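**Student:** Pasting in a structure now, in structure tokens, and then I'll have a few things to ask.
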4 protein chains.
Amino acid sequence: MLLRIDFETDRPIYQQIRDQIVEGIAGGALTPGARLPSVRQLAADLDINLQTANKAYAILQAEGFLTVHRREGFIVRAFDEMRAAPGHLRDLERKLRPLAAEALCRGLSPDEFAGLCRAASDTVKKGEGR
Amino acid sequence: MLLRIDFETDRPIYQQIRDQIVEGIAGGALTPGARLPSVRQLAADLDINLQTANKAYAILQAEGFLTVHRREGFIVRAFDEMRAAPGHLRDLERKLRPLAAEALCRGLSPDEFAGLCRAASDTVKKGEGR
Amino acid sequence: MLLRIDFETDRPIYQQIRDQIVEGIAGGALTPGARLPSVRQLAADLDINLQTANKAYAILQAEGFLTVHRREGFIVRAFDEMRAAPGHLRDLERKLRPLAAEALCRGLSPDEFAGLCRAASDTVKKGEGR
Amino acid sequence: MLLRIDFETDRPIYQQIRDQIVEGIAGGALTPGARLPSVRQLAADLDINLQTANKAYAILQAEGFLTVHRREGFIVRAFDEMRAAPGHLRDLERKLRPLAAEALCRGLSPDEFAGLCRAASDTVKKGEGR
DNA sequence: GTGGTCTAGACCACT
DNA sequence: GTGGTCTAGACCACG
């Protein structure tokens, strides 16, 4: 699983890492129980600040995607644990609203928007487009 | 059309305004040609700084949702002009990916995610939940 | 000679009038000695403020394109008088610089830029594109 | 690369900065990848407000001339990226028309105007006259 | 250190 | 009245 950082986007680096790891889990590149590179390793690999790598993992942990073991470092959680994270559905809906509104303004019907979302989900599931 | 600002969240004020106005257009509360409150009025209403209100409108203008009329101030653009904004579909897809990935991790199939998106679009279209 | 005002551009109305009248002279729609509509007439025709129409004519007069007669109002000056306006060449060069720089950045060679300028001049001379 | 601001002219400060940086890129004083002074540095150097410097860079970014790197601040974009900016040619033509018209009125034939434009482009390309 | 956000308040251009 | 520009100064996010 290779991470690619864009230093010239307005999306913070730690968010890019977070997004790509979530996408890796969704696409099957990272399976539950898999070990992630250590914070130090990650920072060195991507040539980023240690605190940035740290923040990315901290977010993933808080969101329920990762857990930390004393010896093994950060590992991918089991799917049923991810699904048990409290409030994640409401959170998803909240983040979806602005996109749904934007799509409507751009002329996409609810059905068309749903189709676009389905396509995005399919693409991610197959691990494509990375 | 009433705007509500959350001064506690880390989402910038001008982005909150932007989101709510886009939602207002999508939900029919704001129709093409409608005048928006003047930047000064908006700033006074929301008790925010003039420049903050200014920036919100400037973004909406750059994104193709508003135009500025020399006499009437900011007004909602025609729908076909909003749809003509270049790259808006690719932009939407890019913003959708992280949400699709998150949904998959949380156990939603592409079909279920599409259903959620459709529901969000319907809600916004009806102008509900504001 | 019909003037068209765009109320939704950032170019001030008086500048739009000024530009279109200059273009009318360049394209032959307005010939030296021709009478222009009175300030009142112009303001009524375009549904603009009297002062705005006034300002447009004042600029054209200051730039040497129009002159004002007691009885006949504003009329187009003779070409040799327009050419005698002091500093107009230097003025033109000054306004041209930013465009030349922009063209170079966009990959246009000096020759290509000159070609573009020639084409623009031809178009205006034929009175096209209005 | 030295910037000079005229505080007397009605041309906004941020536009003057914008023009001079574009000219600097066109003239080779600023090459792709080059770092620009930080907004704070620029504001201090020119003795202007931070927001004014900010706005100048924001415009250059929106126009495709600059990009912002998370570590290095604002840097000059690659030429092929500048050329990929959508609608820049049409934009250039639009800005060129009033100058072409003015030149014709002042007695310059399309060929002579093209020559003037070519000269302006050459001057800028050599980095002269700054 | 970088840019991003926000405030309070002023003056100007345009219509 | 509208928006546009500019100032002085503060606090935060990011790396």
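Following the order of the structure tokens, first chain is A, next is B, and so on, with residues numbered from 1 inside each chain and ligands from 1 in the order they appear.
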Mind running segment 3-106 of chain D against segment 10-15 of chain F at 12 Å and telling me each contacting residue's nearest atom pair with the distance in Å (one decimal), counting only C-alpha atoms (C1' of nucleotides), chain and number ascending, as CSV?
**Tutor:**
residue,atom,partner,partner_atom,distance
D:His69,CA,F:DG15,C1',11.3
D:Arg70,CA,F:DG15,C1',7.7
D:Arg71,CA,F:DG15,C1',6.9
D:Glu72,CA,F:DG15,C1',10.4
D:Gly73,CA,F:DG15,C1',11.7
**Student:** Write out as an mmCIF file with N, CA and C atoms, in the first residue's frame all residues of segment 11-113 of chain B that DSSP puts in strand (DSSP E or B) for this structure's backbone.
**Tutor:**
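Saved result, part.cif, follows:
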data_model
loop_
_atom_site.group_PDB
_atom_site.id
_atom_site.type_symbol
_atom_site.label_atom_id
_atom_site.label_comp_id
_atom_site.auth_asym_id
_atom_site.auth_seq_id
_atom_site.Cartn_x
_atom_site.Cartn_y
_atom_site.Cartn_z
ATOM 1 N N ARG B 35 -32.308 38.378 -5.010
ATOM 2 C CA ARG B 35 -31.265 39.199 -4.384
ATOM 3 C C ARG B 35 -30.875 38.613 -3.041
ATOM 4 N N LEU B 66 -23.367 32.551 -7.700
ATOM 5 C CA LEU B 66 -23.862 33.927 -7.623
ATOM 6 C C LEU B 66 -23.196 34.785 -8.688
ATOM 7 N N THR B 67 -23.844 35.896 -8.976
ATOM 8 C CA THR B 67 -23.216 36.907 -9.798
ATOM 9 C C THR B 67 -23.488 38.235 -9.114
ATOM 10 N N VAL B 68 -22.697 39.240 -9.456
ATOM 11 C CA VAL B 68 -22.912 40.516 -8.791
ATOM 12 C C VAL B 68 -23.412 41.546 -9.803
ATOM 13 N N HIS B 69 -24.556 42.100 -9.499
ATOM 14 C CA HIS B 69 -25.202 43.081 -10.355
ATOM 15 C C HIS B 69 -24.869 44.474 -9.816
ATOM 16 N N GLY B 73 -26.574 44.336 -6.248
ATOM 17 C CA GLY B 73 -25.702 43.527 -5.397
ATOM 18 C C GLY B 73 -25.660 42.083 -5.857
ATOM 19 N N PHE B 74 -25.491 41.162 -4.917
ATOM 20 C CA PHE B 74 -25.353 39.760 -5.295
ATOM 21 C C PHE B 74 -26.709 39.118 -5.564
ATOM 22 N N ILE B 75 -26.792 38.390 -6.685
ATOM 23 C CA ILE B 75 -28.018 37.686 -7.035
ATOM 24 C C ILE B 75 -27.704 36.253 -7.441
ATOM 25 N N VAL B 76 -28.707 35.395 -7.317
ATOM 26 C CA VAL B 76 -28.539 33.986 -7.676
ATOM 27 C C VAL B 76 -28.496 33.846 -9.196
#
**Student:** Counting only C-alpha atoms, which of A:Ile17, A:Met1, A:Ala29, A:Ala44 gets nearest to Lys125 of chain A?
**Tutor:**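 Ranking A:Ile17, A:Met1, A:Ala29, A:Ala44 by distance to Lys125 of chain A, first place goes to A:Ala29.
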**Student:** Calculated over only C-alpha atoms (C1' of nucleotides), which of the candidates D:Glu63, D:Glu128, D:Glu112, D:Asp10 has the smallest distance to chain F?
**Tutor:**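 That would be D:Asp10, the residue with the smallest distance to chain F.
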**Student:** One decimal, in Å: what's the spacing between atom CA of Arg11 of chain B and atom CA of Arg77 of chain A?
**Tutor:**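 Between these atoms lies a distance of 28.7 Å.
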**Student:** Have a look at atom CA of Leu104 of chain D and atom CA of Ala85 of chain C and let me know their distance in Å, one decimal.
**Tutor:**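 These two atoms are separated by 13.5 Å.
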**Student:** Please identify all residues of chain D having at least one atom at most 10 Å from any atom of chain C, considering only C-alpha atoms, and return them as a ChimeraX atom specification.
**Tutor:** /D:16,18-28,64-65,78-85,88-89,92-125,127
